[in-house]
$ cat start-v8.cif   # mmCIF, C-alpha atoms
data_entry
loop_
_atom_site.label_atom_id
_atom_site.label_comp_id
_atom_site.auth_asym_id
_atom_site.auth_seq_id
_atom_site.Cartn_x
_atom_site.Cartn_y
_atom_site.Cartn_z
CA MET P 603 34.76 -24.39 74.04
CA ASN P 604 33.59 -27.94 74.73
CA HIS P 605 32.28 -27.59 78.28
CA SER P 606 28.50 -27.92 78.58
CA THR P 607 28.52 -25.47 81.47
CA VAL P 608 30.58 -22.31 81.12
CA ASN P 609 31.96 -21.25 84.52
CA THR P 610 31.95 -17.46 84.53
CA LEU P 611 33.33 -14.61 86.64
CA ILE P 612 32.33 -10.96 86.61
CA VAL P 613 35.18 -8.66 87.66
CA GLU P 614 33.59 -5.30 88.36
CA ASP P 615 33.72 -2.81 91.24
CA HIS P 616 30.48 -1.01 90.37
CA LEU P 617 27.96 -3.27 92.09
CA LEU P 618 24.87 -1.90 90.34
CA PHE P 619 26.32 -2.60 86.88
CA ALA P 620 27.65 -5.99 87.99
CA GLU P 621 24.20 -7.03 89.22
CA GLY P 622 22.65 -5.94 85.94
CA LEU P 623 25.21 -7.93 83.99
CA SER P 624 24.62 -10.96 86.21
CA LEU P 625 20.91 -10.86 85.30
CA ILE P 626 21.86 -11.06 81.61
CA LEU P 627 24.15 -14.03 82.27
CA ARG P 628 21.51 -15.85 84.32
CA ASP P 629 19.29 -15.66 81.23
CA MET P 630 21.90 -17.79 79.41
CA PRO P 631 21.35 -21.35 80.71
CA HIS P 632 24.75 -22.66 79.54
CA LEU P 633 26.56 -20.07 81.73
CA ARG P 634 27.15 -20.59 85.43
CA LEU P 635 28.03 -17.38 87.27
CA LEU P 636 30.43 -18.40 90.02
CA LYS P 637 30.95 -15.01 91.62
CA ILE P 638 31.22 -11.25 91.23
CA VAL P 639 34.66 -10.04 92.37
CA SER P 640 36.54 -6.76 92.25
CA SER P 641 40.26 -7.51 92.67
CA CYS P 642 43.13 -9.47 91.13
CA GLN P 643 43.69 -11.33 94.42
CA GLU P 644 40.13 -12.70 94.35
CA ILE P 645 40.53 -13.76 90.72
CA GLU P 646 43.78 -15.62 91.47
CA TYR P 647 42.13 -17.53 94.31
CA LEU P 648 39.14 -18.58 92.19
CA LEU P 649 41.33 -19.59 89.24
CA GLN P 650 43.22 -21.92 91.57
CA GLN P 651 40.00 -23.39 92.96
CA HIS P 652 37.83 -23.73 89.84
CA ARG P 653 37.93 -24.17 86.09
CA ILE P 654 37.09 -20.68 84.86
CA ASP P 655 35.95 -20.60 81.23
CA LEU P 656 34.86 -16.98 80.85
CA ILE P 657 35.73 -13.72 82.61
CA LEU P 658 33.95 -10.42 82.02
CA LEU P 659 36.55 -7.90 83.17
CA ASP P 660 36.17 -4.16 83.68
CA ILE P 661 39.11 -2.32 82.14
CA LYS P 662 39.23 0.36 84.83
CA LEU P 663 38.87 -1.06 88.32
CA LYS P 664 39.24 1.16 91.37
CA ASP P 665 42.82 0.24 92.26
CA GLU P 666 43.88 -2.04 89.40
CA ASN P 667 44.22 -2.01 85.64
CA GLY P 668 42.02 -4.56 83.90
CA THR P 669 44.30 -4.91 80.90
CA GLU P 670 47.22 -5.83 83.20
CA ILE P 671 45.03 -8.41 84.90
CA CYS P 672 44.00 -9.76 81.49
CA LEU P 673 47.64 -10.26 80.49
CA MET P 674 48.42 -12.04 83.74
CA ILE P 675 45.49 -14.43 83.38
CA LYS P 676 46.23 -15.20 79.73
CA GLU P 677 49.86 -15.99 80.61
CA ARG P 678 48.83 -18.82 82.93
CA TYR P 679 45.33 -19.72 81.70
CA PRO P 680 45.39 -19.15 77.92
CA ASP P 681 42.17 -21.10 77.33
CA THR P 682 40.12 -18.82 79.58
CA LYS P 683 38.07 -16.44 77.46
CA ILE P 684 38.28 -12.82 78.61
CA ILE P 685 35.87 -10.09 77.54
CA LEU P 686 36.82 -6.56 78.50
CA ILE P 687 34.04 -4.15 79.42
CA SER P 688 34.27 -0.39 79.78
CA MET P 689 32.28 2.82 79.98
CA PHE P 690 35.07 4.83 78.34
CA ASP P 691 35.51 5.86 74.71
CA PRO P 692 36.95 2.71 73.07
CA SER P 693 39.12 4.74 70.67
CA SER P 694 41.29 5.80 73.62
CA LEU P 695 41.69 2.17 74.72
CA THR P 696 42.50 0.56 71.38
CA ALA P 697 46.22 -0.02 71.97
CA GLU P 698 45.65 -1.32 75.51
CA ILE P 699 43.00 -3.74 74.31
CA LYS P 700 45.15 -5.02 71.44
CA ASN P 701 48.15 -5.70 73.63
CA CYS P 702 46.46 -7.53 76.51
CA LYS P 703 45.30 -10.57 74.47
CA ALA P 704 41.61 -10.18 75.30
CA ASP P 705 39.10 -12.23 73.30
CA GLY P 706 36.60 -9.40 73.06
CA TYR P 707 35.47 -5.95 74.08
CA ILE P 708 31.96 -4.81 75.01
CA PRO P 709 31.06 -1.21 75.92
CA LYS P 710 28.85 -0.87 79.01
CA SER P 711 26.24 0.82 76.82
CA THR P 712 25.66 -2.42 74.86
CA ASP P 713 22.11 -3.78 75.03
CA ALA P 714 21.40 -7.18 76.60
CA GLN P 715 20.74 -9.06 73.35
CA GLU P 716 24.00 -7.85 71.81
CA VAL P 717 25.89 -8.85 74.97
CA LYS P 718 24.46 -12.35 74.70
CA ARG P 719 25.27 -12.62 70.99
CA SER P 720 28.82 -11.41 71.59
CA ILE P 721 29.44 -13.82 74.47
CA ASN P 722 28.18 -16.79 72.47
CA ALA P 723 30.33 -15.85 69.47
CA ILE P 724 33.44 -15.50 71.66
CA LEU P 725 32.79 -18.86 73.31
CA LYS P 726 32.75 -20.36 69.81
CA GLY P 727 36.21 -18.96 69.12
CA GLU P 728 35.45 -15.63 67.47
CA ASN P 729 36.97 -12.31 68.51
CA ILE P 730 34.33 -9.62 69.02
CA PHE P 731 35.37 -6.03 69.62
CA LEU P 732 32.24 -3.88 69.54
CA GLU P 733 32.68 -0.23 68.51
CA LEU P 734 36.42 -0.75 68.13
CA ASP P 735 37.80 0.20 64.70
CA PRO P 736 40.27 -2.54 63.66
CA GLU P 737 42.17 -0.04 61.50
CA SER P 738 42.90 2.07 64.55
CA VAL P 739 44.63 -0.80 66.35
CA ILE P 740 48.31 0.12 66.21
CA GLU P 741 51.48 -0.85 67.98
CA ILE P 742 52.57 1.62 70.63
CA PRO P 743 56.09 2.64 71.75
CA PHE P 744 57.60 0.48 74.49
CA ASP P 745 57.74 3.39 76.95
CA LYS P 746 53.96 3.83 76.61
CA LEU P 747 53.33 0.10 76.72
CA ILE P 748 54.96 -0.41 80.14
CA THR P 749 52.50 0.30 82.96
CA PRO P 750 53.34 2.20 86.18
CA ARG P 751 53.27 -1.07 88.14
CA GLU P 752 55.66 -2.68 85.68
CA ARG P 753 57.99 0.30 85.99
CA GLU P 754 58.01 -0.23 89.76
CA ILE P 755 58.93 -3.87 89.28
CA ILE P 756 61.65 -3.03 86.75
CA ALA P 757 63.16 -0.54 89.23
CA LEU P 758 63.22 -3.19 91.97
CA ILE P 759 64.70 -5.79 89.63
CA LYS P 760 67.48 -3.34 88.79
CA GLN P 761 68.14 -3.07 92.54
CA GLY P 762 68.64 -6.83 92.64
CA LYS P 763 65.43 -7.64 94.51
CA THR P 764 64.07 -11.20 94.32
CA ALA P 765 60.46 -12.04 93.43
CA LYS P 766 59.80 -12.76 97.11
CA GLU P 767 61.20 -9.37 98.16
CA ILE P 768 59.25 -7.53 95.45
CA SER P 769 56.10 -9.38 96.52
CA ALA P 770 56.53 -8.18 100.10
CA MET P 771 57.42 -4.60 99.13
CA LEU P 772 54.48 -4.13 96.74
CA TYR P 773 51.95 -6.22 98.70
CA ILE P 774 51.24 -8.53 95.77
CA SER P 775 51.61 -12.29 95.38
CA ILE P 776 54.78 -13.92 94.07
CA PHE P 777 52.66 -15.31 91.20
CA THR P 778 51.71 -11.75 90.27
CA VAL P 779 55.35 -10.65 90.37
CA ASP P 780 56.43 -13.56 88.17
CA THR P 781 53.62 -12.88 85.72
CA HIS P 782 54.53 -9.19 85.55
CA ARG P 783 58.16 -10.13 84.81
CA LYS P 784 57.12 -12.48 82.02
CA ASN P 785 54.80 -9.87 80.54
CA ILE P 786 57.51 -7.19 80.68
CA LEU P 787 59.95 -9.46 78.82
CA LYS P 788 57.29 -10.30 76.25
CA LYS P 789 56.29 -6.66 75.70
CA LEU P 790 59.90 -5.58 75.24
CA GLU P 791 60.80 -8.71 73.22
CA LEU P 792 63.60 -9.64 75.62
CA ASN P 793 64.80 -13.10 76.63
CA SER P 794 66.08 -12.73 80.19
CA ILE P 795 66.22 -10.55 83.30
CA LYS P 796 69.83 -9.73 82.39
CA ASP P 797 68.59 -8.40 79.03
CA LEU P 798 65.87 -6.44 80.82
CA ILE P 799 68.35 -4.74 83.17
CA ALA P 800 70.60 -3.76 80.26
CA PHE P 801 67.61 -2.52 78.23
CA SER P 802 66.19 -0.50 81.15
CA VAL P 803 69.53 1.20 81.78
CA THR P 804 69.96 2.08 78.11
CA ASN P 805 66.39 3.39 77.77
CA ASN P 806 66.03 5.02 81.21
CA LEU P 807 63.17 2.78 82.34
#

$ encode --input "start-v8.cif" --output "structure tokens"
Amino acid sequence: MNHSTVNTLIVEDHLLFAEGLSLILRDMPHLRLLKIVSSCQEIEYLLQQHRIDLILLDIKLKDENGTEICLMIKERYPDTKIILISMFDPSSLTAEIKNCKADGYIPKSTDAQEVKRSINAILKGENIFLELDPESVIEIPFDKLITPREREIIALIKQGKTAKEISAMLYISIFTVDTHRKNILKKLELNSIKDLIAFSVTNNL
């Protein structure tokens, strides 16, 4: 990363932890914390308004899945570094983390100095996945890879709904719908919506 100042977002719905993390970031002079947010909608707005270099993203937000958000961001902003954070046992999250294209993973139990070292290494292009056994990273079956939200979107696509209609029905932006569709095709290794419909019928998605 060549920027002298690293514009950073914290995406976290536990305010106490977010404030603690922000104190660590403020101790890193090359990082500029733009904001603490807690939803995909807020992230989309800030990505459109600013150059975001680094996002620290909680895997399990209150109403949203951090790994889904990670995939959506990486689809449109591949140069943005994303570090997933979580309080859960990383062994249960290995497949999710592998498949969402994150640049790193840091447990919430990590001490401040290790957080700083990990962030700096990731900004230099390394991939840092603390407490995550690389040998346990395996591919998972497609039916486990598709999230509940993606299943909803597949069902609506099969009904012939447009991106605009799906956006209105699910109360999400058209950008989010389009990104979900791209991610679904990529996960299932399909080339078109026509292929997706045929695949979903054959596999009862």

$ atom_distance --input "start-v8.cif" --atom1 "atom CA of Ile795 of chain P" --atom2 "atom CA of Arg783 of chain P"
8.2 Å

$ residues_around --input "start-v8.cif" --residues "segment 630-641 of chain P" --least-positions-apart "3" --cutoff "9 Å" --atoms "only C-alpha atoms" --output "ChimeraX atom specification"
/P:606-617,620-621,624,626-627,644-646,648,654,656,660,663-666,718

$ atom_distance --input "start-v8.cif" --atom1 "atom CA of Ser775 of chain P" --atom2 "atom CA of Lys788 of chain P"
20.1 Å

$ atom_distance --input "start-v8.cif" --atom1 "atom CA of Phe801 of chain P" --atom2 "atom CA of Ile671 of chain P"
24.3 Å

$ closest_residue --input "start-v8.cif" --among "P:Thr781, P:Gln651, P:Ser720, P:Gln715" --to "Cys672 of chain P" --atoms "only C-alpha atoms"
P:Thr781

$ resolve_selection --input "start-v8.cif" --expression "the PyMOL selection byres ((chain P and resi 719) around 12)" --output "list in words"
Ile626, Leu627, Met630, Gly706, Ile708, Thr712, Asp713, Ala714, Gln715, Glu716, Val717, Lys718, Ser720, Ile721, Asn722, Ala723, Ile724, Leu725, Lys726, Glu728, Asn729, Ile730 and Leu732 of chain P

$ residues_near_point --input "start-v8.cif" --point "(56.2, -0.6, 76.6)" --cutoff "12 Å" --atoms "all atoms listed in the file" --output "PyMOL selection string"
chain P and resi 697-698+701-702+741-753+756+785-792+801-802+805+807

$ axis_aligned_box --input "start-v8.cif" --around "segment 760-772 of chain P" --padding-each-side "4 Å" --output "JSON"
{"center_x": 61.6, "center_y": -7.9, "center_z": 94.4, "size_x": 22.2, "size_y": 17.7, "size_z": 19.3}

$ closest_residue --input "start-v8.cif" --among "P:Thr682, P:Ser711, P:Gln643, P:Ser688" --to "Lys662 of chain P" --atoms "all atoms listed in the file"
P:Ser688

$ residues_around --input "start-v8.cif" --residues "Phe777 of chain P" --least-positions-apart "4" --cutoff "12 Å" --atoms "only C-alpha atoms" --output "ChimeraX atom specification"
/P:642-643,646-647,650,674-675,677-678,765-766,768-769,773,781-784

$ closest_residue --input "start-v8.cif" --among "P:Glu754, P:Glu670, P:Lys700, P:Gly727" --to "Lys683 of chain P" --atoms "all atoms listed in the file"
P:Gly727

$ closest_residue --input "start-v8.cif" --among "P:Val803, P:Leu772, P:Ala757, P:Ile685" --to "Gly668 of chain P" --atoms "all atoms listed in the file"
P:Ile685

$ build_atoms --input "start-v8.cif" --residues "segment 752-766 of chain P" --atoms "N, CA and C atoms" --output "PDB file, in the coordinates of the input"
ATOM      1  N   GLU P 752      54.525  -1.989  86.286  1.00  0.00           N
ATOM      2  CA  GLU P 752      55.660  -2.680  85.680  1.00  0.00           C
ATOM      3  C   GLU P 752      56.943  -1.867  85.824  1.00  0.00           C
ATOM      4  N   ARG P 753      56.810  -0.551  85.769  1.00  0.00           N
ATOM      5  CA  ARG P 753      57.990   0.300  85.990  1.00  0.00           C
ATOM      6  C   ARG P 753      58.521   0.127  87.419  1.00  0.00           C
ATOM      7  N   GLU P 754      57.595   0.006  88.374  1.00  0.00           N
ATOM      8  CA  GLU P 754      58.010  -0.230  89.760  1.00  0.00           C
ATOM      9  C   GLU P 754      58.800  -1.527  89.867  1.00  0.00           C
ATOM     10  N   ILE P 755      58.287  -2.563  89.213  1.00  0.00           N
ATOM     11  CA  ILE P 755      58.930  -3.870  89.280  1.00  0.00           C
ATOM     12  C   ILE P 755      60.291  -3.846  88.581  1.00  0.00           C
ATOM     13  N   ILE P 756      60.362  -3.156  87.445  1.00  0.00           N
ATOM     14  CA  ILE P 756      61.650  -3.030  86.750  1.00  0.00           C
ATOM     15  C   ILE P 756      62.677  -2.343  87.652  1.00  0.00           C
ATOM     16  N   ALA P 757      62.252  -1.272  88.336  1.00  0.00           N
ATOM     17  CA  ALA P 757      63.160  -0.540  89.230  1.00  0.00           C
ATOM     18  C   ALA P 757      63.683  -1.442  90.341  1.00  0.00           C
ATOM     19  N   LEU P 758      62.811  -2.283  90.886  1.00  0.00           N
ATOM     20  CA  LEU P 758      63.220  -3.190  91.970  1.00  0.00           C
ATOM     21  C   LEU P 758      64.114  -4.307  91.448  1.00  0.00           C
ATOM     22  N   ILE P 759      63.834  -4.785  90.238  1.00  0.00           N
ATOM     23  CA  ILE P 759      64.700  -5.790  89.630  1.00  0.00           C
ATOM     24  C   ILE P 759      66.101  -5.226  89.429  1.00  0.00           C
ATOM     25  N   LYS P 760      66.178  -3.986  88.986  1.00  0.00           N
ATOM     26  CA  LYS P 760      67.480  -3.340  88.790  1.00  0.00           C
ATOM     27  C   LYS P 760      68.243  -3.220  90.105  1.00  0.00           C
ATOM     28  N   GLN P 761      67.509  -3.140  91.225  1.00  0.00           N
ATOM     29  CA  GLN P 761      68.140  -3.070  92.540  1.00  0.00           C
ATOM     30  C   GLN P 761      68.562  -4.448  93.045  1.00  0.00           C
ATOM     31  N   GLY P 762      68.235  -5.483  92.264  1.00  0.00           N
ATOM     32  CA  GLY P 762      68.640  -6.830  92.640  1.00  0.00           C
ATOM     33  C   GLY P 762      67.649  -7.548  93.543  1.00  0.00           C
ATOM     34  N   LYS P 763      66.429  -7.025  93.640  1.00  0.00           N
ATOM     35  CA  LYS P 763      65.430  -7.640  94.510  1.00  0.00           C
ATOM     36  C   LYS P 763      64.901  -8.937  93.899  1.00  0.00           C
ATOM     37  N   THR P 764      64.639  -9.921  94.757  1.00  0.00           N
ATOM     38  CA  THR P 764      64.070 -11.200  94.320  1.00  0.00           C
ATOM     39  C   THR P 764      62.549 -11.055  94.190  1.00  0.00           C
ATOM     40  N   ALA P 765      61.921 -12.051  93.569  1.00  0.00           N
ATOM     41  CA  ALA P 765      60.460 -12.040  93.430  1.00  0.00           C
ATOM     42  C   ALA P 765      59.793 -12.004  94.806  1.00  0.00           C
ATOM     43  N   LYS P 766      60.364 -12.735  95.761  1.00  0.00           N
ATOM     44  CA  LYS P 766      59.800 -12.760  97.110  1.00  0.00           C
ATOM     45  C   LYS P 766      59.896 -11.378  97.757  1.00  0.00           C
TER      46      LYS P 766
END
